[in-house]
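Step one of this worksheet: look at the structure below.
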Amino acid sequence: MKIGIIGLGLIGGSLGRAIISRTKDEVYALDISKKAMADSKLLNAYHFELNKSNIGEIDMLILSLYPNALESALEEYCPLLKDGCLVMDCCGNKRRVVKQMSKLSKKYPALDFVSAHPMAGREFSGVNHSTATLFDRASMILVPVKSHIKRIASVKEYFLSFLKSSK
């Protein structure tokens with residue numbers, strides 16, 4: 001599977017590192033900070049830079065941005081995604097994010113939208129504090145916006161397949 005991550009801070013960087021270290025999936029990433037991109041590459045948080053020429057190939061786009069940056073990112077990138085792509089956020093405020101995603105789900109009916117809130121973090125921010133184990137033994141709340149129940153189940157199974165539980 002090809003996973004795109006926009007926003008390589010603590011959450012996006014940790015997701016990229018976990019996916020790369022524990023799956024065979026390809027990770028494409030983008031951040032507005034050149035330093036975050038360079039540091040993320042050194043930390044093995046992505047394989048390829050996400051850009052307008054390859055974004056149409058990804059199967060899942062994870063937006064790990066502040067809620068106030070999410071709307072413009074969704075407007076910019078949703079038109080470039082292939083049919084069936086899952087669009088998922090890892091932002092904070094669910095009410096605002098779900099409202100934005102609901103509006104866009106009508107405009108882009110061939111995309112699936114799920115809002116997520118990982119219940120994990122650290123006292124520090126930024127990709128340099130990311131770790132492949134940040135989400136181990138943590139819950140992730142999934143809020144279906146416009147997605148079939150089978151797709152929600154597959155998202156759950158995907159994350160459970162590589163995030164270690166407390167067993």
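Every chain in the structure tokens takes a letter, A first, then B, and so on in the order presented; its residues are numbered from 1, and the ligands are numbered from 1 following the presented order.
When the distance limit is 12 Å and only C-alpha atoms are what count, the residues near Lys103 of chain A, minus those fewer than 6 positions from it on the same chain, are A:Glu71, A:Leu74, A:Glu75, A:Arg96, A:Val97, A:Pro109, A:Phe113, A:Val145, A:Lys146.
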Output N, CA and C atoms for every residue in the selection just made, as a PDB file, in the first residue's frame.
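Result file is selection-v1.pdb:
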```pdb
ATOM      1  N   GLU A  71      -8.180  22.622   6.373  1.00  0.00           N
ATOM      2  CA  GLU A  71      -9.134  22.937   5.306  1.00  0.00           C
ATOM      3  C   GLU A  71      -8.441  23.277   3.994  1.00  0.00           C
ATOM      4  N   LEU A  74      -6.884  20.113   2.518  1.00  0.00           N
ATOM      5  CA  LEU A  74      -7.901  19.248   1.912  1.00  0.00           C
ATOM      6  C   LEU A  74      -8.348  19.798   0.558  1.00  0.00           C
ATOM      7  N   GLU A  75      -8.579  21.089   0.498  1.00  0.00           N
ATOM      8  CA  GLU A  75      -9.003  21.714  -0.759  1.00  0.00           C
ATOM      9  C   GLU A  75      -7.933  21.572  -1.841  1.00  0.00           C
ATOM     10  N   ARG A  96     -14.677  20.571  14.276  1.00  0.00           N
ATOM     11  CA  ARG A  96     -14.311  21.418  13.140  1.00  0.00           C
ATOM     12  C   ARG A  96     -13.834  20.564  11.956  1.00  0.00           C
ATOM     13  N   VAL A  97     -13.014  19.566  12.233  1.00  0.00           N
ATOM     14  CA  VAL A  97     -12.455  18.707  11.189  1.00  0.00           C
ATOM     15  C   VAL A  97     -13.554  17.890  10.516  1.00  0.00           C
ATOM     16  N   PRO A 109     -17.182  12.588  -3.892  1.00  0.00           N
ATOM     17  CA  PRO A 109     -17.860  11.372  -3.428  1.00  0.00           C
ATOM     18  C   PRO A 109     -17.077  10.078  -3.657  1.00  0.00           C
ATOM     19  N   PHE A 113     -13.636   9.374   3.770  1.00  0.00           N
ATOM     20  CA  PHE A 113     -13.137  10.304   4.783  1.00  0.00           C
ATOM     21  C   PHE A 113     -13.338   9.710   6.178  1.00  0.00           C
ATOM     22  N   VAL A 145     -16.639   9.712   8.736  1.00  0.00           N
ATOM     23  CA  VAL A 145     -17.284  10.895   8.178  1.00  0.00           C
ATOM     24  C   VAL A 145     -18.088  10.474   6.954  1.00  0.00           C
ATOM     25  N   LYS A 146     -17.416   9.862   6.005  1.00  0.00           N
ATOM     26  CA  LYS A 146     -18.077   9.311   4.817  1.00  0.00           C
ATOM     27  C   LYS A 146     -17.263   8.105   4.381  1.00  0.00           C
TER      28      LYS A 146
END
```
Might you pull out every residue within 7 Å of Asp25 of chain A, with only C-alpha atoms counted and same-chain residues fewer than 6 positions away left off, and present them as a CSV table (one decimal) with all heavy atoms, in the first residue's frame?
```csv
chain,number,residue,atom,x,y,z
A,1,MET,N,0.9,-1.2,0.0
A,1,MET,CA,0.0,0.0,0.0
A,1,MET,C,0.9,1.2,0.0
A,1,MET,O,2.0,1.2,0.6
A,1,MET,CB,-0.9,0.0,1.2
A,1,MET,CG,-1.9,1.1,1.2
A,1,MET,SD,-3.4,1.0,2.3
A,1,MET,CE,-2.8,0.2,3.8
A,2,LYS,N,0.4,2.3,-0.6
A,2,LYS,CA,1.1,3.6,-0.6
A,2,LYS,C,0.4,4.5,0.3
A,2,LYS,O,-0.8,4.8,0.1
A,2,LYS,CB,1.2,4.1,-2.0
A,2,LYS,CG,2.0,3.3,-3.0
A,2,LYS,CD,2.1,3.8,-4.4
A,2,LYS,CE,2.9,3.0,-5.2
A,2,LYS,NZ,3.1,3.5,-6.6
A,19,ILE,N,5.1,2.9,10.4
A,19,ILE,CA,4.7,2.2,9.2
A,19,ILE,C,6.0,1.6,8.5
A,19,ILE,O,6.0,0.5,8.0
A,19,ILE,CB,3.9,3.1,8.2
A,19,ILE,CG1,2.6,3.5,8.9
A,19,ILE,CG2,3.8,2.5,6.8
A,19,ILE,CD1,1.8,4.6,8.2
```
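Among the candidates A:Ile6, A:Phe159, A:Val27, A:Ser115, the one nearest to Glu76 of chain A when counting only C-alpha atoms is A:Ile6.
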Running DSSP on the backbone, which parts of segment 12-159 of chain A land in strand (DSSP E), as a PDB file with all heavy atoms, in the first residue's frame?
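Produced file out.pdb, reproduced below:
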```pdb
ATOM      1  N   GLU A  26       4.830   1.653   1.348  1.00  0.00           N
ATOM      2  CA  GLU A  26       5.634   2.813   0.965  1.00  0.00           C
ATOM      3  C   GLU A  26       5.030   4.059   1.594  1.00  0.00           C
ATOM      4  O   GLU A  26       3.817   4.241   1.559  1.00  0.00           O
ATOM      5  CB  GLU A  26       5.645   2.971  -0.556  1.00  0.00           C
ATOM      6  CG  GLU A  26       6.346   1.867  -1.287  1.00  0.00           C
ATOM      7  CD  GLU A  26       6.307   2.047  -2.793  1.00  0.00           C
ATOM      8  OE1 GLU A  26       5.592   2.944  -3.306  1.00  0.00           O
ATOM      9  OE2 GLU A  26       7.001   1.272  -3.467  1.00  0.00           O
ATOM     10  N   VAL A  27       5.891   4.920   2.129  1.00  0.00           N
ATOM     11  CA  VAL A  27       5.435   6.162   2.749  1.00  0.00           C
ATOM     12  C   VAL A  27       5.953   7.346   1.940  1.00  0.00           C
ATOM     13  O   VAL A  27       7.150   7.470   1.687  1.00  0.00           O
ATOM     14  CB  VAL A  27       5.902   6.266   4.217  1.00  0.00           C
ATOM     15  CG1 VAL A  27       5.496   7.616   4.813  1.00  0.00           C
ATOM     16  CG2 VAL A  27       5.341   5.119   5.047  1.00  0.00           C
ATOM     17  N   TYR A  28       5.014   8.189   1.523  1.00  0.00           N
ATOM     18  CA  TYR A  28       5.292   9.432   0.824  1.00  0.00           C
ATOM     19  C   TYR A  28       4.955  10.549   1.797  1.00  0.00           C
ATOM     20  O   TYR A  28       3.919  10.495   2.464  1.00  0.00           O
ATOM     21  CB  TYR A  28       4.417   9.558  -0.421  1.00  0.00           C
ATOM     22  CG  TYR A  28       4.678   8.509  -1.469  1.00  0.00           C
ATOM     23  CD1 TYR A  28       4.272   7.193  -1.293  1.00  0.00           C
ATOM     24  CD2 TYR A  28       5.338   8.844  -2.643  1.00  0.00           C
ATOM     25  CE1 TYR A  28       4.517   6.234  -2.261  1.00  0.00           C
ATOM     26  CE2 TYR A  28       5.582   7.889  -3.620  1.00  0.00           C
ATOM     27  CZ  TYR A  28       5.176   6.590  -3.423  1.00  0.00           C
ATOM     28  OH  TYR A  28       5.424   5.650  -4.372  1.00  0.00           O
ATOM     29  N   ALA A  29       5.803  11.577   1.901  1.00  0.00           N
ATOM     30  CA  ALA A  29       5.554  12.600   2.906  1.00  0.00           C
ATOM     31  C   ALA A  29       5.822  14.001   2.379  1.00  0.00           C
ATOM     32  O   ALA A  29       6.579  14.206   1.431  1.00  0.00           O
ATOM     33  CB  ALA A  29       6.408  12.337   4.139  1.00  0.00           C
ATOM     34  N   LEU A  30       5.176  14.952   3.063  1.00  0.00           N
ATOM     35  CA  LEU A  30       5.307  16.364   2.718  1.00  0.00           C
ATOM     36  C   LEU A  30       5.168  17.198   3.982  1.00  0.00           C
ATOM     37  O   LEU A  30       4.301  16.934   4.824  1.00  0.00           O
ATOM     38  CB  LEU A  30       4.203  16.753   1.718  1.00  0.00           C
ATOM     39  CG  LEU A  30       4.120  18.221   1.308  1.00  0.00           C
ATOM     40  CD1 LEU A  30       5.375  18.629   0.538  1.00  0.00           C
ATOM     41  CD2 LEU A  30       2.877  18.462   0.481  1.00  0.00           C
ATOM     42  N   PHE A  48       9.651   8.492   0.127  1.00  0.00           N
ATOM     43  CA  PHE A  48       9.629   9.402  -1.022  1.00  0.00           C
ATOM     44  C   PHE A  48       8.930  10.698  -0.646  1.00  0.00           C
ATOM     45  O   PHE A  48       8.005  10.696   0.172  1.00  0.00           O
ATOM     46  CB  PHE A  48       8.867   8.778  -2.198  1.00  0.00           C
ATOM     47  CG  PHE A  48       9.332   7.390  -2.551  1.00  0.00           C
ATOM     48  CD1 PHE A  48       8.570   6.289  -2.189  1.00  0.00           C
ATOM     49  CD2 PHE A  48      10.520   7.185  -3.226  1.00  0.00           C
ATOM     50  CE1 PHE A  48       8.984   5.002  -2.498  1.00  0.00           C
ATOM     51  CE2 PHE A  48      10.948   5.906  -3.540  1.00  0.00           C
ATOM     52  CZ  PHE A  48      10.181   4.808  -3.173  1.00  0.00           C
ATOM     53  N   GLU A  49       9.350  11.782  -1.291  1.00  0.00           N
ATOM     54  CA  GLU A  49       8.671  13.065  -1.083  1.00  0.00           C
ATOM     55  C   GLU A  49       7.333  13.032  -1.819  1.00  0.00           C
ATOM     56  O   GLU A  49       7.252  12.625  -2.975  1.00  0.00           O
ATOM     57  CB  GLU A  49       9.532  14.204  -1.602  1.00  0.00           C
ATOM     58  CG  GLU A  49       8.951  15.558  -1.287  1.00  0.00           C
ATOM     59  CD  GLU A  49       9.898  16.701  -1.619  1.00  0.00           C
ATOM     60  OE1 GLU A  49      11.121  16.478  -1.712  1.00  0.00           O
ATOM     61  OE2 GLU A  49       9.384  17.817  -1.784  1.00  0.00           O
ATOM     62  N   MET A  60      -3.878   5.907   0.816  1.00  0.00           N
ATOM     63  CA  MET A  60      -4.350   6.548   2.044  1.00  0.00           C
ATOM     64  C   MET A  60      -3.556   7.825   2.245  1.00  0.00           C
ATOM     65  O   MET A  60      -2.331   7.817   2.147  1.00  0.00           O
ATOM     66  CB  MET A  60      -4.130   5.624   3.252  1.00  0.00           C
ATOM     67  CG  MET A  60      -4.586   6.217   4.572  1.00  0.00           C
ATOM     68  SD  MET A  60      -4.102   5.237   6.048  1.00  0.00           S
ATOM     69  CE  MET A  60      -4.885   3.681   5.740  1.00  0.00           C
ATOM     70  N   LEU A  61      -4.262   8.919   2.507  1.00  0.00           N
ATOM     71  CA  LEU A  61      -3.620  10.195   2.802  1.00  0.00           C
ATOM     72  C   LEU A  61      -3.921  10.551   4.244  1.00  0.00           C
ATOM     73  O   LEU A  61      -5.090  10.679   4.632  1.00  0.00           O
ATOM     74  CB  LEU A  61      -4.133  11.307   1.876  1.00  0.00           C
ATOM     75  CG  LEU A  61      -3.555  12.694   2.139  1.00  0.00           C
ATOM     76  CD1 LEU A  61      -2.040  12.711   1.888  1.00  0.00           C
ATOM     77  CD2 LEU A  61      -4.243  13.744   1.275  1.00  0.00           C
ATOM     78  N   ILE A  62      -2.868  10.686   5.040  1.00  0.00           N
ATOM     79  CA  ILE A  62      -3.001  11.060   6.454  1.00  0.00           C
ATOM     80  C   ILE A  62      -2.539  12.499   6.591  1.00  0.00           C
ATOM     81  O   ILE A  62      -1.403  12.830   6.258  1.00  0.00           O
ATOM     82  CB  ILE A  62      -2.163  10.136   7.356  1.00  0.00           C
ATOM     83  CG1 ILE A  62      -2.593   8.686   7.187  1.00  0.00           C
ATOM     84  CG2 ILE A  62      -2.265  10.584   8.814  1.00  0.00           C
ATOM     85  CD1 ILE A  62      -1.667   7.673   7.844  1.00  0.00           C
ATOM     86  N   LEU A  63      -3.426  13.353   7.085  1.00  0.00           N
ATOM     87  CA  LEU A  63      -3.093  14.749   7.313  1.00  0.00           C
ATOM     88  C   LEU A  63      -2.856  14.953   8.799  1.00  0.00           C
ATOM     89  O   LEU A  63      -3.781  14.822   9.604  1.00  0.00           O
ATOM     90  CB  LEU A  63      -4.215  15.656   6.804  1.00  0.00           C
ATOM     91  CG  LEU A  63      -4.403  15.543   5.297  1.00  0.00           C
ATOM     92  CD1 LEU A  63      -5.771  15.021   4.975  1.00  0.00           C
ATOM     93  CD2 LEU A  63      -4.134  16.859   4.641  1.00  0.00           C
ATOM     94  N   LEU A  86      -8.433   6.787   0.791  1.00  0.00           N
ATOM     95  CA  LEU A  86      -8.927   7.108   2.127  1.00  0.00           C
ATOM     96  C   LEU A  86      -8.219   8.367   2.601  1.00  0.00           C
ATOM     97  O   LEU A  86      -6.990   8.434   2.587  1.00  0.00           O
ATOM     98  CB  LEU A  86      -8.642   5.963   3.099  1.00  0.00           C
ATOM     99  CG  LEU A  86      -9.008   6.264   4.549  1.00  0.00           C
ATOM    100  CD1 LEU A  86     -10.512   6.239   4.727  1.00  0.00           C
ATOM    101  CD2 LEU A  86      -8.338   5.279   5.474  1.00  0.00           C
ATOM    102  N   VAL A  87      -8.980   9.364   2.999  1.00  0.00           N
ATOM    103  CA  VAL A  87      -8.446  10.609   3.529  1.00  0.00           C
ATOM    104  C   VAL A  87      -8.699  10.602   5.032  1.00  0.00           C
ATOM    105  O   VAL A  87      -9.837  10.499   5.475  1.00  0.00           O
ATOM    106  CB  VAL A  87      -9.126  11.837   2.882  1.00  0.00           C
ATOM    107  CG1 VAL A  87      -8.560  13.126   3.440  1.00  0.00           C
ATOM    108  CG2 VAL A  87      -8.984  11.787   1.363  1.00  0.00           C
ATOM    109  N   MET A  88      -7.616  10.664   5.801  1.00  0.00           N
ATOM    110  CA  MET A  88      -7.724  10.575   7.257  1.00  0.00           C
ATOM    111  C   MET A  88      -6.913  11.700   7.887  1.00  0.00           C
ATOM    112  O   MET A  88      -5.831  12.027   7.405  1.00  0.00           O
ATOM    113  CB  MET A  88      -7.170   9.224   7.724  1.00  0.00           C
ATOM    114  CG  MET A  88      -7.384   8.952   9.177  1.00  0.00           C
ATOM    115  SD  MET A  88      -6.921   7.247   9.596  1.00  0.00           S
ATOM    116  CE  MET A  88      -5.259   7.507  10.125  1.00  0.00           C
ATOM    117  N   ASP A  89      -7.447  12.288   8.920  1.00  0.00           N
ATOM    118  CA  ASP A  89      -6.686  13.313   9.634  1.00  0.00           C
ATOM    119  C   ASP A  89      -6.262  12.775  10.992  1.00  0.00           C
ATOM    120  O   ASP A  89      -6.824  11.806  11.498  1.00  0.00           O
ATOM    121  CB  ASP A  89      -7.532  14.575   9.827  1.00  0.00           C
ATOM    122  CG  ASP A  89      -8.479  14.430  11.001  1.00  0.00           C
ATOM    123  OD1 ASP A  89      -9.494  13.728  10.849  1.00  0.00           O
ATOM    124  OD2 ASP A  89      -8.189  14.982  12.075  1.00  0.00           O
ATOM    125  N   ASP A 112     -13.010   8.343   0.455  1.00  0.00           N
ATOM    126  CA  ASP A 112     -13.501   7.990   1.792  1.00  0.00           C
ATOM    127  C   ASP A 112     -12.859   8.939   2.794  1.00  0.00           C
ATOM    128  O   ASP A 112     -11.663   9.252   2.681  1.00  0.00           O
ATOM    129  CB  ASP A 112     -13.128   6.551   2.148  1.00  0.00           C
ATOM    130  CG  ASP A 112     -13.967   5.529   1.416  1.00  0.00           C
ATOM    131  OD1 ASP A 112     -15.128   5.826   1.103  1.00  0.00           O
ATOM    132  OD2 ASP A 112     -13.456   4.428   1.160  1.00  0.00           O
ATOM    133  N   PHE A 113     -13.636   9.374   3.770  1.00  0.00           N
ATOM    134  CA  PHE A 113     -13.137  10.304   4.783  1.00  0.00           C
ATOM    135  C   PHE A 113     -13.338   9.710   6.178  1.00  0.00           C
ATOM    136  O   PHE A 113     -14.448   9.303   6.528  1.00  0.00           O
ATOM    137  CB  PHE A 113     -13.880  11.644   4.700  1.00  0.00           C
ATOM    138  CG  PHE A 113     -13.568  12.437   3.465  1.00  0.00           C
ATOM    139  CD1 PHE A 113     -14.275  12.231   2.288  1.00  0.00           C
ATOM    140  CD2 PHE A 113     -12.558  13.384   3.471  1.00  0.00           C
ATOM    141  CE1 PHE A 113     -13.995  12.963   1.146  1.00  0.00           C
ATOM    142  CE2 PHE A 113     -12.272  14.124   2.324  1.00  0.00           C
ATOM    143  CZ  PHE A 113     -12.988  13.913   1.157  1.00  0.00           C
ATOM    144  N   VAL A 114     -12.263   9.667   6.948  1.00  0.00           N
ATOM    145  CA  VAL A 114     -12.299   9.205   8.332  1.00  0.00           C
ATOM    146  C   VAL A 114     -11.466  10.169   9.159  1.00  0.00           C
ATOM    147  O   VAL A 114     -10.336  10.500   8.785  1.00  0.00           O
ATOM    148  CB  VAL A 114     -11.711   7.775   8.474  1.00  0.00           C
ATOM    149  CG1 VAL A 114     -11.642   7.362   9.926  1.00  0.00           C
ATOM    150  CG2 VAL A 114     -12.526   6.780   7.671  1.00  0.00           C
ATOM    151  N   SER A 115     -12.022  10.610  10.254  1.00  0.00           N
ATOM    152  CA  SER A 115     -11.275  11.457  11.168  1.00  0.00           C
ATOM    153  C   SER A 115     -10.731  10.563  12.281  1.00  0.00           C
ATOM    154  O   SER A 115     -11.416   9.662  12.755  1.00  0.00           O
ATOM    155  CB  SER A 115     -12.196  12.539  11.738  1.00  0.00           C
ATOM    156  OG  SER A 115     -11.452  13.461  12.485  1.00  0.00           O
ATOM    157  N   ALA A 116      -9.500  10.791  12.663  1.00  0.00           N
ATOM    158  CA  ALA A 116      -8.872   9.945  13.681  1.00  0.00           C
ATOM    159  C   ALA A 116      -8.222  10.810  14.756  1.00  0.00           C
ATOM    160  O   ALA A 116      -7.769  11.920  14.477  1.00  0.00           O
ATOM    161  CB  ALA A 116      -7.824   9.041  13.041  1.00  0.00           C
ATOM    162  N   HIS A 117      -8.191  10.273  15.937  1.00  0.00           N
ATOM    163  CA  HIS A 117      -7.516  10.969  17.027  1.00  0.00           C
ATOM    164  C   HIS A 117      -6.699   9.953  17.817  1.00  0.00           C
ATOM    165  O   HIS A 117      -7.237   9.204  18.624  1.00  0.00           O
ATOM    166  CB  HIS A 117      -8.516  11.666  17.947  1.00  0.00           C
ATOM    167  CG  HIS A 117      -7.853  12.547  18.958  1.00  0.00           C
ATOM    168  ND1 HIS A 117      -7.383  13.804  18.638  1.00  0.00           N
ATOM    169  CD2 HIS A 117      -7.543  12.342  20.245  1.00  0.00           C
ATOM    170  CE1 HIS A 117      -6.838  14.340  19.720  1.00  0.00           C
ATOM    171  NE2 HIS A 117      -6.920  13.469  20.704  1.00  0.00           N
ATOM    172  N   PRO A 118      -5.382   9.898  17.543  1.00  0.00           N
ATOM    173  CA  PRO A 118      -4.551   8.977  18.305  1.00  0.00           C
ATOM    174  C   PRO A 118      -4.405   9.477  19.742  1.00  0.00           C
ATOM    175  O   PRO A 118      -4.145  10.659  19.965  1.00  0.00           O
ATOM    176  CB  PRO A 118      -3.217   8.995  17.574  1.00  0.00           C
ATOM    177  CG  PRO A 118      -3.222  10.223  16.732  1.00  0.00           C
ATOM    178  CD  PRO A 118      -4.645  10.641  16.544  1.00  0.00           C
ATOM    179  N   MET A 140      -6.742   4.611  19.296  1.00  0.00           N
ATOM    180  CA  MET A 140      -6.952   5.596  18.241  1.00  0.00           C
ATOM    181  C   MET A 140      -8.452   5.663  17.989  1.00  0.00           C
ATOM    182  O   MET A 140      -9.061   4.665  17.611  1.00  0.00           O
ATOM    183  CB  MET A 140      -6.213   5.241  16.954  1.00  0.00           C
ATOM    184  CG  MET A 140      -6.382   6.334  15.914  1.00  0.00           C
ATOM    185  SD  MET A 140      -5.512   6.099  14.358  1.00  0.00           S
ATOM    186  CE  MET A 140      -3.819   6.087  14.821  1.00  0.00           C
ATOM    187  N   ILE A 141      -9.019   6.800  18.237  1.00  0.00           N
ATOM    188  CA  ILE A 141     -10.451   6.991  18.039  1.00  0.00           C
ATOM    189  C   ILE A 141     -10.685   7.268  16.550  1.00  0.00           C
ATOM    190  O   ILE A 141     -10.068   8.158  15.974  1.00  0.00           O
ATOM    191  CB  ILE A 141     -10.975   8.152  18.895  1.00  0.00           C
ATOM    192  CG1 ILE A 141     -10.768   7.820  20.381  1.00  0.00           C
ATOM    193  CG2 ILE A 141     -12.436   8.440  18.592  1.00  0.00           C
ATOM    194  CD1 ILE A 141     -10.995   8.980  21.310  1.00  0.00           C
ATOM    195  N   LEU A 142     -11.570   6.483  15.933  1.00  0.00           N
ATOM    196  CA  LEU A 142     -11.914   6.673  14.532  1.00  0.00           C
ATOM    197  C   LEU A 142     -13.329   7.229  14.442  1.00  0.00           C
ATOM    198  O   LEU A 142     -14.255   6.677  15.039  1.00  0.00           O
ATOM    199  CB  LEU A 142     -11.840   5.349  13.768  1.00  0.00           C
ATOM    200  CG  LEU A 142     -10.469   4.688  13.710  1.00  0.00           C
ATOM    201  CD1 LEU A 142     -10.562   3.345  12.991  1.00  0.00           C
ATOM    202  CD2 LEU A 142      -9.451   5.590  13.027  1.00  0.00           C
ATOM    203  N   VAL A 143     -13.485   8.318  13.712  1.00  0.00           N
ATOM    204  CA  VAL A 143     -14.774   8.960  13.529  1.00  0.00           C
ATOM    205  C   VAL A 143     -15.120   8.880  12.044  1.00  0.00           C
ATOM    206  O   VAL A 143     -14.539   9.601  11.239  1.00  0.00           O
ATOM    207  CB  VAL A 143     -14.744  10.442  13.988  1.00  0.00           C
ATOM    208  CG1 VAL A 143     -16.100  11.091  13.800  1.00  0.00           C
ATOM    209  CG2 VAL A 143     -14.252  10.560  15.418  1.00  0.00           C
ATOM    210  N   PRO A 144     -16.020   7.965  11.667  1.00  0.00           N
ATOM    211  CA  PRO A 144     -16.372   7.865  10.253  1.00  0.00           C
ATOM    212  C   PRO A 144     -17.113   9.124   9.800  1.00  0.00           C
ATOM    213  O   PRO A 144     -18.063   9.541  10.431  1.00  0.00           O
ATOM    214  CB  PRO A 144     -17.294   6.650  10.188  1.00  0.00           C
ATOM    215  CG  PRO A 144     -17.485   6.164  11.569  1.00  0.00           C
ATOM    216  CD  PRO A 144     -16.722   7.022  12.501  1.00  0.00           C
ATOM    217  N   VAL A 145     -16.639   9.712   8.736  1.00  0.00           N
ATOM    218  CA  VAL A 145     -17.284  10.895   8.178  1.00  0.00           C
ATOM    219  C   VAL A 145     -18.088  10.474   6.954  1.00  0.00           C
ATOM    220  O   VAL A 145     -19.282  10.669   6.867  1.00  0.00           O
ATOM    221  CB  VAL A 145     -16.256  11.986   7.812  1.00  0.00           C
ATOM    222  CG1 VAL A 145     -16.935  13.174   7.152  1.00  0.00           C
ATOM    223  CG2 VAL A 145     -15.489  12.419   9.049  1.00  0.00           C
ATOM    224  N   LYS A 146     -17.416   9.862   6.005  1.00  0.00           N
ATOM    225  CA  LYS A 146     -18.077   9.311   4.817  1.00  0.00           C
ATOM    226  C   LYS A 146     -17.263   8.105   4.381  1.00  0.00           C
ATOM    227  O   LYS A 146     -16.280   8.222   3.663  1.00  0.00           O
ATOM    228  CB  LYS A 146     -18.164  10.339   3.700  1.00  0.00           C
ATOM    229  CG  LYS A 146     -19.000   9.893   2.511  1.00  0.00           C
ATOM    230  CD  LYS A 146     -18.125   9.816   1.303  1.00  0.00           C
ATOM    231  CE  LYS A 146     -18.443   8.660   0.421  1.00  0.00           C
ATOM    232  NZ  LYS A 146     -17.383   8.313  -0.481  1.00  0.00           N
TER     233      LYS A 146
END
```
Next on the checklist: Residues within 10 Å of segment 120-127 of chain A, please, as a PyMOL selection string. Count only C-alpha atoms; anything in the same chain fewer than 3 positions from it doesn't count.
Outcome noted: chain A and resi 7-14+17+35-37+39-40+43+45+117+130-131+134-140
Next on the checklist: Run DSSP on the backbone and tell me which residues of segment 47-156 of chain A come out as helix (DSSP H, G or I); list them as a PyMOL selection string.
Outcome noted: chain A and resi 55-57+67-80+94-107+127-129+149-156
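Shortest separation to Lys24 of chain A among A:Ile3, A:Leu80, A:Cys90, A:Cys85 occurs at residue A:Ile3, atoms counted being only C-alpha atoms.
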Item to check | Å distance separating atom CA of Leu104 of chain A from atom CA of Cys78 of chain A, one decimal place | outcome: 8.3 Å
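Here atom CA of His148 of chain A stands at a distance of 20.0 Å from atom CA of Ser161 of chain A.
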